[in-house]
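Dropping work02.txt in here (compact mmCIF, C-alpha atoms and all ligand atoms):
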```
# COMPACT_ATOMS: atom_id res chain seq x y z
CA MET A 96 54.96 98.92 55.60
CA GLN A 97 57.27 101.41 53.93
CA LYS A 98 60.95 100.77 54.79
CA LYS A 99 63.16 103.75 55.64
CA ASP A 100 65.15 105.19 52.78
CA ILE A 101 68.56 103.85 53.79
CA ASP A 102 71.43 102.45 51.74
CA TRP A 103 71.42 99.28 53.87
CA SER A 104 74.49 97.70 52.33
CA LYS A 105 76.62 100.75 53.24
CA LEU A 106 75.81 100.71 56.96
CA GLY A 107 78.60 100.34 59.51
CA PHE A 108 78.19 99.47 63.18
CA GLY A 109 76.97 102.75 64.60
CA TYR A 110 74.15 104.44 66.47
CA THR A 111 71.08 105.70 64.66
CA PRO A 112 68.10 106.81 66.75
CA THR A 113 65.03 104.99 65.47
CA ASP A 114 61.36 105.82 66.08
CA TYR A 115 60.49 103.87 69.24
CA ARG A 116 62.11 102.51 72.36
CA PHE A 117 60.71 100.61 75.36
CA GLU A 118 61.28 101.95 78.84
CA ALA A 119 60.38 100.58 82.28
CA HIS A 120 61.13 102.06 85.71
CA TRP A 121 61.93 100.39 89.01
CA LYS A 122 60.68 102.47 91.92
CA ASP A 123 59.46 101.62 95.43
CA GLY A 124 60.68 98.06 95.04
CA LYS A 125 58.94 97.13 91.78
CA TRP A 126 58.97 97.47 88.00
CA ASP A 127 56.18 99.46 86.40
CA GLU A 128 54.47 98.10 83.28
CA GLY A 129 56.84 99.94 80.95
CA LYS A 130 55.83 101.57 77.71
CA MET A 131 56.91 102.47 74.21
CA ILE A 132 58.24 106.01 73.95
CA THR A 133 59.73 108.20 71.22
CA ASP A 134 62.32 110.32 73.10
CA SER A 135 65.83 108.97 72.55
CA ASN A 136 67.20 110.96 75.51
CA ILE A 137 67.15 110.14 79.22
CA GLU A 138 67.15 112.90 81.83
CA LEU A 139 68.95 111.95 85.03
CA SER A 140 70.05 113.38 88.37
CA GLU A 141 73.68 114.50 88.50
CA ALA A 142 74.02 112.02 91.36
CA ALA A 143 72.59 109.04 89.41
CA CYS A 144 74.45 105.92 90.57
CA VAL A 145 75.38 104.99 87.00
CA PHE A 146 77.46 108.15 86.56
CA HIS A 147 79.67 107.58 89.57
CA TYR A 148 79.63 103.91 90.43
CA ALA A 149 78.97 102.45 86.95
CA GLN A 150 75.84 100.60 88.01
CA CYS A 151 74.91 99.54 84.52
CA CYS A 152 74.54 96.37 82.49
CA PHE A 153 73.39 95.77 78.94
CA GLU A 154 72.72 93.19 76.26
CA GLY A 155 73.07 92.88 72.52
CA LEU A 156 71.02 90.80 70.12
CA LYS A 157 69.75 91.21 66.59
CA ALA A 158 66.62 91.01 64.46
CA TYR A 159 66.83 89.67 60.92
CA THR A 160 64.60 89.61 57.87
CA THR A 161 64.43 86.01 56.72
CA VAL A 162 64.43 84.73 53.15
CA ASN A 163 60.61 84.58 53.19
CA GLY A 164 60.23 88.11 54.58
CA ASP A 165 59.53 87.37 58.25
CA ILE A 166 61.20 89.45 60.92
CA VAL A 167 62.81 87.22 63.53
CA THR A 168 65.17 87.44 66.46
CA PHE A 169 67.69 84.89 67.70
CA ARG A 170 67.52 83.18 71.10
CA PRO A 171 66.29 86.24 73.09
CA ASP A 172 65.68 83.94 76.06
CA LEU A 173 69.45 83.58 76.52
CA ASN A 174 69.97 87.35 76.53
CA ALA A 175 67.12 87.74 79.02
CA GLU A 176 68.70 85.16 81.34
CA ARG A 177 72.18 86.62 80.98
CA MET A 178 70.90 90.09 81.81
CA MET A 179 69.19 88.75 84.93
CA GLY A 180 72.57 87.34 85.99
CA SER A 181 74.34 90.62 85.26
CA ALA A 182 71.75 92.54 87.27
CA GLU A 183 72.08 90.19 90.22
CA ARG A 184 75.89 90.57 90.36
CA LEU A 185 75.51 94.38 90.27
CA GLU A 186 72.77 94.56 92.95
CA MET A 187 70.22 95.66 90.37
CA PRO A 188 66.67 94.28 90.09
CA ALA A 189 66.33 91.55 87.44
CA PHE A 190 63.99 92.41 84.59
CA PRO A 191 61.68 89.38 84.22
CA LYS A 192 62.53 87.04 81.32
CA GLU A 193 59.08 86.88 79.70
CA LYS A 194 58.71 90.66 79.89
CA PHE A 195 62.16 91.08 78.37
CA ILE A 196 61.28 88.83 75.43
CA GLN A 197 57.92 90.58 74.90
CA ALA A 198 59.56 94.02 75.05
CA VAL A 199 62.18 92.95 72.48
CA LYS A 200 59.38 91.80 70.17
CA ASP A 201 57.38 95.00 70.73
CA VAL A 202 60.32 97.33 70.04
CA VAL A 203 61.32 95.47 66.89
CA ALA A 204 57.72 95.41 65.64
CA ALA A 205 57.32 99.15 66.35
CA ASN A 206 60.51 99.84 64.38
CA ALA A 207 59.80 97.39 61.54
CA ALA A 208 60.54 100.11 58.99
CA TRP A 209 64.13 100.11 60.25
CA VAL A 210 64.71 96.35 59.96
CA PRO A 211 67.11 95.85 57.05
CA PRO A 212 65.66 93.78 54.18
CA TYR A 213 66.90 90.24 53.49
CA GLY A 214 70.07 90.02 51.45
CA THR A 215 71.46 93.47 52.29
CA GLY A 216 74.01 92.15 54.79
CA ALA A 217 72.60 94.53 57.41
CA THR A 218 70.64 93.60 60.54
CA LEU A 219 68.76 95.37 63.32
CA TYR A 220 70.90 95.57 66.46
CA ILE A 221 68.88 95.48 69.68
CA ARG A 222 70.41 97.07 72.76
CA PRO A 223 68.69 96.44 76.13
CA VAL A 224 70.32 98.48 78.89
CA MET A 225 69.69 98.92 82.62
CA ILE A 226 71.07 101.75 84.74
CA GLY A 227 71.03 102.74 88.39
CA SER A 228 69.19 106.02 87.83
CA GLY A 229 68.48 107.01 91.42
CA PRO A 230 70.77 109.52 93.18
CA GLN A 231 73.47 107.88 95.29
CA ILE A 232 76.46 109.54 96.84
CA GLY A 233 77.63 106.96 99.37
CA VAL A 234 78.89 103.83 97.61
CA ALA A 235 75.73 101.74 97.50
CA PRO A 236 73.25 100.51 94.89
CA ALA A 237 70.65 102.94 93.58
CA HIS A 238 67.04 102.70 94.70
CA GLU A 239 65.65 103.52 91.26
CA PHE A 240 66.49 101.94 87.92
CA ILE A 241 65.66 102.43 84.26
CA PHE A 242 65.44 99.52 81.83
CA ARG A 243 65.37 100.53 78.20
CA ILE A 244 65.51 98.72 74.85
CA PHE A 245 66.41 100.60 71.71
CA VAL A 246 67.33 99.40 68.25
CA MET A 247 69.27 100.51 65.20
CA PRO A 248 70.14 99.11 61.77
CA VAL A 249 73.79 98.05 61.55
CA GLY A 250 76.31 96.58 59.16
CA ALA A 251 79.53 94.71 59.94
CA TYR A 252 81.26 95.44 63.26
CA PHE A 253 84.72 95.27 61.70
CA LYS A 254 85.46 97.18 58.51
CA GLY A 255 85.93 94.80 55.59
CA ALA A 256 83.54 92.30 57.21
CA ILE A 257 85.23 88.96 56.70
CA LYS A 258 88.76 90.07 55.96
CA PRO A 259 91.13 88.46 58.51
CA LEU A 260 91.95 90.70 61.46
CA LYS A 261 95.24 91.52 63.12
CA LEU A 262 95.03 91.20 66.90
CA THR A 263 97.44 91.89 69.73
CA VAL A 264 97.93 90.73 73.31
CA PRO A 265 97.72 93.79 75.57
CA GLU A 266 99.68 94.45 78.73
CA PHE A 267 96.35 95.20 80.43
CA ASP A 268 93.68 92.90 81.82
CA ARG A 269 90.00 93.34 81.13
CA ALA A 270 88.61 91.42 84.08
CA ALA A 271 89.78 90.45 87.55
CA PRO A 272 89.89 86.93 89.01
CA ARG A 273 86.49 86.42 90.67
CA GLY A 274 85.43 89.81 89.26
CA THR A 275 82.82 90.69 86.64
CA GLY A 276 84.28 89.32 83.39
CA HIS A 277 81.42 86.81 83.08
CA ILE A 278 78.65 89.42 83.10
CA LYS A 279 77.78 92.17 80.64
CA ALA A 280 78.59 95.10 82.93
CA GLY A 281 79.41 98.47 81.41
CA LEU A 282 82.45 98.63 83.69
CA ASN A 283 84.14 95.78 81.78
CA TYR A 284 83.96 97.86 78.64
CA ALA A 285 85.33 100.94 80.44
CA MET A 286 88.31 98.74 81.38
CA SER A 287 88.81 97.88 77.71
CA LEU A 288 88.64 101.39 76.23
CA HIS A 289 92.28 102.33 76.76
CA PRO A 290 93.73 98.95 75.66
CA THR A 291 91.42 99.02 72.63
CA MET A 292 92.61 102.45 71.57
CA GLU A 293 96.23 101.41 72.17
CA ALA A 294 95.64 98.39 69.93
CA HIS A 295 94.13 100.62 67.21
CA ARG A 296 97.01 103.09 67.49
CA HIS A 297 99.39 100.21 66.77
CA GLY A 298 97.37 98.95 63.81
CA TYR A 299 95.47 96.09 65.47
CA ALA A 300 91.72 95.63 65.29
CA GLU A 301 91.27 94.17 68.78
CA ASN A 302 92.99 92.69 71.83
CA ILE A 303 93.18 89.12 73.00
CA TYR A 304 93.01 89.39 76.78
CA LEU A 305 94.75 86.82 78.93
CA ASP A 306 93.49 85.26 82.14
CA PRO A 307 94.04 87.89 84.83
CA ALA A 308 95.39 85.47 87.45
CA THR A 309 98.28 83.88 85.52
CA ARG A 310 98.34 85.65 82.13
CA THR A 311 99.02 82.36 80.39
CA TYR A 312 95.56 81.41 79.08
CA ILE A 313 93.53 83.04 76.34
CA GLU A 314 90.31 84.69 77.44
CA GLU A 315 88.41 86.75 74.87
CA THR A 316 88.52 90.06 73.02
CA GLY A 317 86.95 93.34 74.17
CA GLY A 318 83.63 92.59 72.47
CA ALA A 319 83.62 88.93 71.42
CA ASN A 320 84.59 85.40 72.47
CA LEU A 321 87.15 83.37 70.52
CA ILE A 322 87.11 80.01 68.80
CA PHE A 323 89.95 78.15 67.10
CA VAL A 324 90.38 75.18 64.81
CA ASP A 325 93.48 73.05 65.34
CA LYS A 326 95.45 71.37 62.59
CA GLU A 327 93.42 68.13 62.95
CA GLY A 328 90.20 70.07 62.30
CA THR A 329 89.01 69.97 65.92
CA ILE A 330 87.22 73.08 67.12
CA ILE A 331 88.90 74.39 70.25
CA VAL A 332 86.90 76.77 72.44
CA PRO A 333 88.62 78.64 75.30
CA LYS A 334 86.94 78.01 78.63
CA SER A 335 87.18 80.49 81.50
CA ASP A 336 85.09 81.80 84.40
CA SER A 337 85.97 85.39 83.57
CA ILE A 338 84.65 85.60 79.99
CA LEU A 339 81.16 86.45 78.81
CA PRO A 340 79.02 83.37 78.05
CA SER A 341 78.47 84.36 74.43
CA VAL A 342 75.18 83.31 72.86
CA THR A 343 76.96 83.11 69.50
CA ARG A 344 79.70 80.87 70.88
CA ARG A 345 77.20 78.54 72.58
CA SER A 346 75.18 78.37 69.35
CA LEU A 347 78.28 77.72 67.22
CA ILE A 348 79.32 74.82 69.45
CA ASP A 349 75.90 73.27 68.90
CA VAL A 350 76.00 73.95 65.15
CA ALA A 351 79.54 72.50 64.88
CA LYS A 352 78.53 69.31 66.65
CA ARG A 353 75.49 68.95 64.38
CA LEU A 354 77.79 69.36 61.39
CA GLY A 355 79.90 66.49 62.74
CA TYR A 356 82.94 68.43 63.98
CA LYS A 357 84.70 67.47 67.15
CA VAL A 358 84.47 70.33 69.67
CA VAL A 359 86.65 70.63 72.76
CA GLU A 360 86.00 73.32 75.38
CA ARG A 361 89.03 73.77 77.62
CA PRO A 362 91.48 76.39 78.86
CA VAL A 363 93.72 77.34 75.92
CA LYS A 364 97.26 78.58 76.53
CA LEU A 365 98.61 81.57 74.64
CA ASN A 366 101.54 79.45 73.49
CA GLU A 367 99.14 77.06 71.76
CA LEU A 368 98.14 79.72 69.22
CA LYS A 369 100.97 78.66 66.92
CA ASP A 370 99.35 75.20 66.66
CA MET A 371 96.02 76.52 65.37
CA ALA A 372 94.93 76.40 61.74
CA GLU A 373 92.08 78.91 62.03
CA GLY A 374 90.70 81.34 64.56
CA ALA A 375 87.77 83.71 64.80
CA LEU A 376 86.04 86.20 67.03
CA CYS A 377 82.43 85.30 67.71
CA GLY A 378 79.64 87.48 68.99
CA THR A 379 76.38 89.13 68.03
CA ALA A 380 78.10 92.22 66.63
CA ALA A 381 81.18 90.38 65.29
CA VAL A 382 79.18 87.34 64.00
CA LEU A 383 82.26 85.23 63.10
CA ALA A 384 85.22 87.42 62.19
CA PRO A 385 88.44 85.66 61.13
CA ILE A 386 91.82 86.13 62.77
CA GLY A 387 94.75 86.48 60.37
CA MET A 388 97.58 87.16 62.78
CA VAL A 389 98.23 87.75 66.45
CA ASN A 390 101.01 89.92 67.85
CA THR A 391 102.23 88.26 71.07
CA PRO A 392 105.11 89.05 73.46
CA ASP A 393 106.95 86.12 71.80
CA GLY A 394 106.48 87.39 68.25
CA ASP A 395 103.85 87.48 65.53
CA ILE A 396 101.81 84.38 64.78
CA TYR A 397 100.27 84.08 61.31
CA PHE A 398 97.45 81.58 61.01
CA PRO A 399 97.71 79.09 58.10
CA SER A 400 94.28 80.31 56.89
CA GLY A 401 96.11 83.48 55.76
CA MET A 402 95.39 87.20 55.54
CA GLU A 403 93.00 87.08 52.58
CA LYS A 404 90.03 84.99 53.63
CA MET A 405 88.37 83.13 56.46
CA GLY A 406 89.47 79.51 56.96
CA PRO A 407 87.23 76.73 55.58
CA ILE A 408 85.81 75.43 58.86
CA CYS A 409 85.05 78.91 60.23
CA THR A 410 83.42 79.74 56.88
CA LYS A 411 81.20 76.67 57.15
CA LEU A 412 80.23 77.59 60.71
CA ARG A 413 79.52 81.21 59.79
CA GLU A 414 77.41 80.23 56.80
CA THR A 415 75.43 77.72 58.82
CA LEU A 416 74.78 80.09 61.72
CA THR A 417 73.78 83.04 59.52
CA GLY A 418 71.74 80.63 57.37
CA ILE A 419 69.75 79.66 60.46
CA GLN A 420 69.31 83.31 61.48
CA MET A 421 68.14 84.28 57.98
CA GLY A 422 65.73 81.34 57.73
CA GLU A 423 67.64 79.61 54.92
CA ILE A 424 68.52 76.62 57.10
CA GLU A 425 66.27 75.08 59.70
CA GLY A 426 67.75 75.61 63.17
CA PRO A 427 67.08 73.84 66.46
CA GLU A 428 63.63 74.33 67.99
CA GLY A 429 63.21 77.71 69.68
CA TRP A 430 66.31 79.44 68.31
CA VAL A 431 64.57 81.63 65.77
CA VAL A 432 61.72 83.62 67.31
CA LYS A 433 59.22 85.30 65.01
CA ILE A 434 58.29 88.88 65.83
N1 LIG B 501 82.33 88.84 74.86
C1 LIG B 501 82.13 90.15 75.03
C2 LIG B 501 83.06 90.88 75.92
C3 LIG B 501 81.06 90.79 74.38
O1 LIG B 501 80.86 92.10 74.53
C4 LIG B 501 80.22 90.04 73.54
C5 LIG B 501 79.09 90.68 72.88
O2 LIG B 501 78.00 90.60 73.29
C6 LIG B 501 80.48 88.68 73.37
C7 LIG B 501 81.53 88.12 74.05
C8 LIG B 501 79.63 87.85 72.49
O3 LIG B 501 78.43 87.51 73.10
P1 LIG B 501 77.14 87.23 72.24
O4 LIG B 501 77.49 86.13 71.30
O5 LIG B 501 76.14 86.80 73.25
O6 LIG B 501 76.81 88.48 71.55
C1 LIG B 502 77.51 92.53 71.01
O1 LIG B 502 78.03 91.75 70.21
O2 LIG B 502 76.29 92.59 71.17
C2 LIG B 502 78.31 93.39 71.84
O3 LIG B 502 77.83 93.80 72.84
C3 LIG B 502 79.67 93.69 71.41
C4 LIG B 502 80.03 95.14 71.47
C5 LIG B 502 79.27 95.97 70.49
C6 LIG B 502 79.99 95.67 72.85
```
Written as structure tokens, that's how I'd like the structure from this file.
Amino acid sequence: MQKKDIDWSKLGFGYTPTDYRFEAHWKDGKWDEGKMITDSNIELSEAACVFHYAQCCFEGLKAYTTVNGDIVTFRPDLNAERMMGSAERLEMPAFPKEKFIQAVKDVVAANAAWVPPYGTGATLYIRPVMIGSGPQIGVAPAHEFIFRIFVMPVGAYFKGAIKPLKLTVPEFDRAAPRGTGHIKAGLNYAMSLHPTMEAHRHGYAENIYLDPATRTYIEETGGANLIFVDKEGTIIVPKSDSILPSVTRRSLIDVAKRLGYKVVERPVKLNELKDMAEGALCGTAAVLAPIGMVNTPDGDIYFPSGMEKMGPICTKLRETLTGIQMGEIEGPEGWVVKI
């Protein structure tokens, strides 16, 4: 198969329409079989529920070319399950797990020419999305839904890839107590757009949101969970009911334990940041992106790992995780799924 003529190593994290996408429709109380299509557009009623009442959830995972040339994806079962949970919370019909995994495989296989080659630093980002497509003017769930999976080749989410980031603590919250912070609802990202742009306007790459009830505990950033390493070398992972259960974070905890690190998952106070030796954002798009400093209401905190490179323990975790994804290191059974 002839790969597309792309300068893979120069890719950023952006949208490129590729050749095929999978689409299924929910109508009259059931999903149709779904099929591969070529049109990147969706035509909708002006009253589609998604436009007014944000009935939408999505997922993000990646496909990789391994060292021996296979195309693989990483733990798609966890994305399938998480999307079923998101759909349930938003009164949308769950898309069945096995069908989700098969559709991911089919879309990646159909777009194999777009999967970045091994060693380029680029990957294929896979975006499953579900919308309430039926017309709805009273506040109520739609009766019709579209589930679509499309893909695109991407590079690093943050410019400069593994250069430490400057973050800030916003005056805004991203999620509400007992709200939707734990699911991948489009509305959570709408909530983050203004604080994200404010952060950028002040020279910060991202926000660290605090727990919405007390604003004392660290939650996550707009598009990634957080992990820290304390000065004893223990990996500290913020725990909260209003953050997304990141597949990357759950995988890193497992990887860290296998590497022999002590891992503690617990609520982490903002005022503990000064005691940390390293910190990083973790997510499918972010992979593991180091934190250099955090602007807080009590002043700027510079991590001992510095502003030049990622700290040693985060580096080890990043290399091990990406090594598993790229087939250089054997991962736990079932993590790496061949297309
Ligand atoms: N938190 C938020 C708000 C996200 O958007 C993402 C990205 O998916 C994550 C965390 C990381 O989750 P995952 O590792 O499953 O990609
Ligand atoms: C991901 O990591 O898949 C995300 O969804 C983060 C962001 C691009 C929304």
* Skip Ser341 (chain A) itself and residues of its chain fewer than 6 positions away, then list as a ChimeraX atom specification all residues within 9 Å of it, counting all atoms listed in the file. => /A:319-320,377-379
* Dump the neighbourhood of ligand LIG 501 (chain B) as a PyMOL selection string: all residues within 8 Å, distances computed on all atoms listed in the file. => chain A and resi 154-156+174+276+279+283-284+315-320+338-345+377-382
* To do: Find, counting only C-alpha atoms, the residue in A:Asp325, A:Ile408, A:Asn163, A:Leu262 that gets nearest to His295 (chain A).
  => A:Leu262
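Considering the residues A:Thr417, A:Gln231, A:Ser400, A:Ser135 and counting all atoms listed in the file, Gly214 (chain A) has its shortest atom-to-atom contact with A:Thr417.
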* Counting only C-alpha atoms and all ligand atoms, figure out which residue out of A:Asp123, A:Asp134, A:Glu301, A:Glu239 gets nearest to ligand LIG 502 (chain B). => A:Glu301
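Checking A:Asn390, A:Gln197, A:Ser346, A:Thr215 one by one against Val162 (chain A), counting only C-alpha atoms, you find the shortest gap at A:Thr215.
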* Grab the CA of Lys352 (chain A) to CA of Thr329 (chain A) distance for me, in Å with one decimal place. =>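 Separation of CA of Lys352 (chain A) and CA of Thr329 (chain A): 10.5 Å.
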* d(CA of Pro212 (chain A), CA of Glu118 (chain A)) in Å ->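 Pair CA of Pro212 (chain A) / CA of Glu118 (chain A) returns 26.3 Å.
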* For ligand LIG 502 (chain B), which residue out of A:Gly298, A:Gly109, A:Ala142, A:Gly180 is the nearest one, using all atoms listed in the file? ->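 Of the candidates, the smallest distance to ligand LIG 502 (chain B) is held by A:Gly109.
Compared by their closest atoms to ligand LIG 502 (chain B), and using all atoms listed in the file, the residues A:Gly250, A:Pro112, A:Pro211, A:Gly374 rank with A:Gly250 nearest.
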* Quick one: distance from atom C1 of ligand LIG 502 (chain B) to CA of Trp126 (chain A) in Å, one decimal? -> 25.6 Å
* In the coordinates of the file, take the point (64.3, 87.2, 63.2) and a cut-off of 8 Å; then, counting only C-alpha atoms, name each qualifying protein, DNA or RNA residue as a PyMOL selection string. => chain A and resi 157-161+165-169+420-421+431-434
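Those residues that approach Ile257 (chain A) to within 7 Å, counting all atoms listed in the file, are Ala384, Pro385, Lys404 and Met405 of chain A; same-chain residues fewer than 5 positions away are not listed.
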Residues of the last selection are to be written out with C-alpha atoms, as a PDB file, keeping the file's coordinate frame.
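New file again.pdb:
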```pdb
ATOM      1  CA  ALA A 384      85.220  87.420  62.190  1.00  0.00           C
ATOM      2  CA  PRO A 385      88.440  85.660  61.130  1.00  0.00           C
ATOM      3  CA  LYS A 404      90.030  84.990  53.630  1.00  0.00           C
ATOM      4  CA  MET A 405      88.370  83.130  56.460  1.00  0.00           C
TER       5      MET A 405
END
```
Selecting N, CA and C atoms, how would region 404-426 of chain A from this structure be written as a PDB file, in the first residue's frame?
```
ATOM      1  N   LYS A 404      13.791  20.139  30.328  1.00  0.00           N
ATOM      2  CA  LYS A 404      13.440  18.771  29.921  1.00  0.00           C
ATOM      3  C   LYS A 404      12.524  18.099  30.939  1.00  0.00           C
ATOM      4  N   MET A 405      11.944  16.989  30.480  1.00  0.00           N
ATOM      5  CA  MET A 405      11.050  16.217  31.329  1.00  0.00           C
ATOM      6  C   MET A 405      11.857  15.570  32.456  1.00  0.00           C
ATOM      7  N   GLY A 406      11.255  15.445  33.634  1.00  0.00           N
ATOM      8  CA  GLY A 406      11.942  14.799  34.760  1.00  0.00           C
ATOM      9  C   GLY A 406      12.230  13.324  34.483  1.00  0.00           C
ATOM     10  N   PRO A 407      13.162  12.729  35.232  1.00  0.00           N
ATOM     11  CA  PRO A 407      13.622  11.369  34.914  1.00  0.00           C
ATOM     12  C   PRO A 407      12.544  10.290  35.048  1.00  0.00           C
ATOM     13  N   ILE A 408      11.685  10.411  36.049  1.00  0.00           N
ATOM     14  CA  ILE A 408      10.687   9.336  36.235  1.00  0.00           C
ATOM     15  C   ILE A 408       9.591   9.454  35.175  1.00  0.00           C
ATOM     16  N   CYS A 409       9.167  10.682  34.880  1.00  0.00           N
ATOM     17  CA  CYS A 409       8.177  10.857  33.800  1.00  0.00           C
ATOM     18  C   CYS A 409       8.765  10.403  32.459  1.00  0.00           C
ATOM     19  N   THR A 410      10.046  10.667  32.254  1.00  0.00           N
ATOM     20  CA  THR A 410      10.688  10.221  30.999  1.00  0.00           C
ATOM     21  C   THR A 410      10.634   8.702  30.891  1.00  0.00           C
ATOM     22  N   LYS A 411      10.943   8.036  31.989  1.00  0.00           N
ATOM     23  CA  LYS A 411      10.933   6.560  31.995  1.00  0.00           C
ATOM     24  C   LYS A 411       9.520   6.040  31.703  1.00  0.00           C
ATOM     25  N   LEU A 412       8.535   6.688  32.312  1.00  0.00           N
ATOM     26  CA  LEU A 412       7.145   6.256  32.092  1.00  0.00           C
ATOM     27  C   LEU A 412       6.733   6.498  30.647  1.00  0.00           C
ATOM     28  N   ARG A 413       7.085   7.661  30.119  1.00  0.00           N
ATOM     29  CA  ARG A 413       6.722   7.991  28.738  1.00  0.00           C
ATOM     30  C   ARG A 413       7.369   7.004  27.769  1.00  0.00           C
ATOM     31  N   GLU A 414       8.659   6.747  27.996  1.00  0.00           N
ATOM     32  CA  GLU A 414       9.358   5.836  27.073  1.00  0.00           C
ATOM     33  C   GLU A 414       8.778   4.432  27.138  1.00  0.00           C
ATOM     34  N   THR A 415       8.403   4.012  28.338  1.00  0.00           N
ATOM     35  CA  THR A 415       7.861   2.652  28.461  1.00  0.00           C
ATOM     36  C   THR A 415       6.491   2.566  27.793  1.00  0.00           C
ATOM     37  N   LEU A 416       5.638   3.558  28.052  1.00  0.00           N
ATOM     38  CA  LEU A 416       4.299   3.526  27.460  1.00  0.00           C
ATOM     39  C   LEU A 416       4.371   3.600  25.931  1.00  0.00           C
ATOM     40  N   THR A 417       5.145   4.540  25.402  1.00  0.00           N
ATOM     41  CA  THR A 417       5.208   4.659  23.938  1.00  0.00           C
ATOM     42  C   THR A 417       5.930   3.432  23.347  1.00  0.00           C
ATOM     43  N   GLY A 418       6.858   2.874  24.106  1.00  0.00           N
ATOM     44  CA  GLY A 418       7.534   1.641  23.660  1.00  0.00           C
ATOM     45  C   GLY A 418       6.543   0.492  23.500  1.00  0.00           C
ATOM     46  N   ILE A 419       5.592   0.413  24.434  1.00  0.00           N
ATOM     47  CA  ILE A 419       4.552  -0.632  24.337  1.00  0.00           C
ATOM     48  C   ILE A 419       3.669  -0.347  23.119  1.00  0.00           C
ATOM     49  N   GLN A 420       3.290   0.916  22.953  1.00  0.00           N
ATOM     50  CA  GLN A 420       2.381   1.272  21.841  1.00  0.00           C
ATOM     51  C   GLN A 420       3.044   1.051  20.484  1.00  0.00           C
ATOM     52  N   MET A 421       4.358   1.223  20.423  1.00  0.00           N
ATOM     53  CA  MET A 421       5.084   1.081  19.150  1.00  0.00           C
ATOM     54  C   MET A 421       5.656  -0.334  18.971  1.00  0.00           C
ATOM     55  N   GLY A 422       5.295  -1.242  19.885  1.00  0.00           N
ATOM     56  CA  GLY A 422       5.728  -2.628  19.742  1.00  0.00           C
ATOM     57  C   GLY A 422       7.200  -2.867  20.050  1.00  0.00           C
ATOM     58  N   GLU A 423       7.849  -1.922  20.714  1.00  0.00           N
ATOM     59  CA  GLU A 423       9.268  -2.113  21.062  1.00  0.00           C
ATOM     60  C   GLU A 423       9.398  -2.862  22.381  1.00  0.00           C
ATOM     61  N   ILE A 424       8.370  -2.730  23.222  1.00  0.00           N
ATOM     62  CA  ILE A 424       8.361  -3.366  24.538  1.00  0.00           C
ATOM     63  C   ILE A 424       7.068  -4.164  24.624  1.00  0.00           C
ATOM     64  N   GLU A 425       7.173  -5.376  25.155  1.00  0.00           N
ATOM     65  CA  GLU A 425       5.961  -6.178  25.282  1.00  0.00           C
ATOM     66  C   GLU A 425       5.075  -5.623  26.397  1.00  0.00           C
ATOM     67  N   GLY A 426       3.819  -5.356  26.085  1.00  0.00           N
ATOM     68  CA  GLY A 426       2.888  -4.811  27.078  1.00  0.00           C
ATOM     69  C   GLY A 426       2.015  -5.914  27.635  1.00  0.00           C
TER      70      GLY A 426
END
```
